Amino acid sequence: HFQNLVQCCVWLLLWFGGGTLGQPLECRAGADVGRRCASIPLDKLLERVVQHAELIYRLSEESCALFEEMFIPLAVRTQHIRGGNTCTSPAFSVPGSKGEVQQISDKWLLHTVLILIQSWIEPLFTLQDTLDRYDNAPNVLLNKTKWVSSKLVSLEQGVTVLIRKMLDEGALTMESHQSWMIESSEPADMVESVTKDYAVLTCFKKDAHKVETFLKLLRCRQTQGLSCFPI
């Protein structure tokens, strides 16, 4: 646990100290959020958005791994992997060929990223409330998920400004942050609750990777045009 705590502190020092992971988006909630974020030059805003997405994905991986270590037996993990894709979030697949990539517009990339982000804001806040009720959830896991929940909102605001800057249009807004988690019934027992939370973490990790991939593709296109291919 000490190693995980040190790792978390390193992330925070790099982030707030202006280290190699970049600077915060400075797109926080408030009356002047549009002005603060819009004042950043396009290339720097896009770079910060990409760095933000990278860190969110890395922390989603770490959170999922911590949750598995603490609460999910190896047999259950194996069964979960064999079960295939059980996620029901918006179905946006990563292009598999150069031809498919070239057919995708910047508008599609930006709006797809925004829809994915908005679909996860409410589920992550709900997950945070659930984890706070665990008796033995480590603080490092709680801190990581809290950070991701708050920074996902900042990322949404940054992408919204990108859409205005790059496409000269307003952004799509899903009503009340509509999410894929339609069922709101309380789990019958602790096992069911842990299984549900594990599904949320693993599905979010997959979508966080898509967001990172699409934003990196968009960044690449600013200098290399349609020759870019998702990594």
# chains A, B, ... in the order shown; residues from 1 in each chain; ligands from 1

$ residues_around --residues "stretch 66-71 of chain A" --least-positions-apart "3" --cutoff "8 Å" --atoms "only C-alpha atoms" --output "list in words"
Glu62, Ser63, Arg77, Ala137, Leu141, Val194 and Tyr198 of chain A

$ residues_around --residues "A:Phe229" --least-positions-apart "5" --cutoff "10 Å" --atoms "only C-alpha atoms" --output "short mmCIF file (atom, residue, chain, number, x, y, z; two decimals) with N, CA and C atoms, in the first residue's frame"
data_model
loop_
_atom_site.label_atom_id
_atom_site.label_comp_id
_atom_site.auth_asym_id
_atom_site.auth_seq_id
_atom_site.Cartn_x
_atom_site.Cartn_y
_atom_site.Cartn_z
N PRO A 95 -11.12 2.61 -35.47
CA PRO A 95 -10.94 2.19 -36.86
C PRO A 95 -9.82 1.17 -37.00
N GLY A 96 -10.03 0.18 -37.88
CA GLY A 96 -9.06 -0.90 -38.00
C GLY A 96 -8.15 -0.83 -39.21
N SER A 97 -8.38 0.12 -40.09
CA SER A 97 -7.54 0.23 -41.29
C SER A 97 -7.29 1.69 -41.61
N LYS A 98 -6.25 1.92 -42.42
CA LYS A 98 -5.91 3.29 -42.80
C LYS A 98 -7.03 3.92 -43.60
N GLY A 99 -7.70 3.12 -44.43
CA GLY A 99 -8.81 3.63 -45.21
C GLY A 99 -9.95 4.12 -44.34
N GLU A 100 -10.25 3.36 -43.29
CA GLU A 100 -11.32 3.77 -42.37
C GLU A 100 -10.95 5.05 -41.64
N VAL A 101 -9.68 5.16 -41.26
CA VAL A 101 -9.22 6.36 -40.56
C VAL A 101 -9.38 7.59 -41.45
N GLN A 102 -9.02 7.46 -42.71
CA GLN A 102 -9.08 8.60 -43.62
C GLN A 102 -10.50 9.07 -43.87
N THR A 213 -7.23 7.65 -27.65
CA THR A 213 -6.84 7.30 -29.02
C THR A 213 -7.39 8.31 -30.03
N PHE A 214 -8.65 8.67 -29.90
CA PHE A 214 -9.26 9.60 -30.85
C PHE A 214 -8.64 10.99 -30.74
N LYS A 216 -5.56 11.69 -29.71
CA LYS A 216 -4.20 11.63 -30.27
C LYS A 216 -4.25 11.64 -31.79
N LEU A 217 -5.23 10.97 -32.36
CA LEU A 217 -5.40 10.98 -33.82
C LEU A 217 -5.70 12.40 -34.30
N LEU A 218 -6.55 13.10 -33.57
CA LEU A 218 -6.89 14.48 -33.93
C LEU A 218 -5.67 15.37 -33.84
N CYS A 220 -2.52 14.47 -34.14
CA CYS A 220 -1.62 14.11 -35.24
C CYS A 220 -2.05 14.75 -36.54
N ARG A 221 -3.33 14.82 -36.78
CA ARG A 221 -3.85 15.37 -38.03
C ARG A 221 -3.53 16.85 -38.20
#

$ atom_distance --atom1 "atom CA of A:Met166" --atom2 "atom CA of A:Phe204"
26.7 Å

$ closest_residue --among "A:Trp147, A:Thr223, A:Glu156, A:Asp129" --to "A:Asp43" --atoms "only C-alpha atoms"
A:Thr223

$ residues_around --residues "stretch 109-111 of chain A" --least-positions-apart "6" --cutoff "9 Å" --atoms "only C-alpha atoms" --output "ChimeraX atom specification"
/A:159-160,162-163,171-172,214-215,217-218

$ closest_residue --among "A:Glu54, A:Val153, A:Glu212, A:Leu142" --to "A:Gln118" --atoms "only C-alpha atoms"
A:Val153

$ select_by_dssp --residues "stretch 56-152 of chain A" --states "alpha helix (DSSP H)" --output "PyMOL selection string"
chain A and resi 56-71+74-82+98-103+106-132+139-152

$ residues_around --residues "A:Ile117" --least-positions-apart "4" --cutoff "8 Å" --atoms "only C-alpha atoms" --output "list in words"
Val113, Ile121, Leu152, Leu155, Glu156 and Val211 of chain A

$ residues_around --residues "A:Ser149" --least-positions-apart "6" --cutoff "9 Å" --atoms "only C-alpha atoms" --output "PyMOL selection string"
chain A and resi 120-122+124-125+128
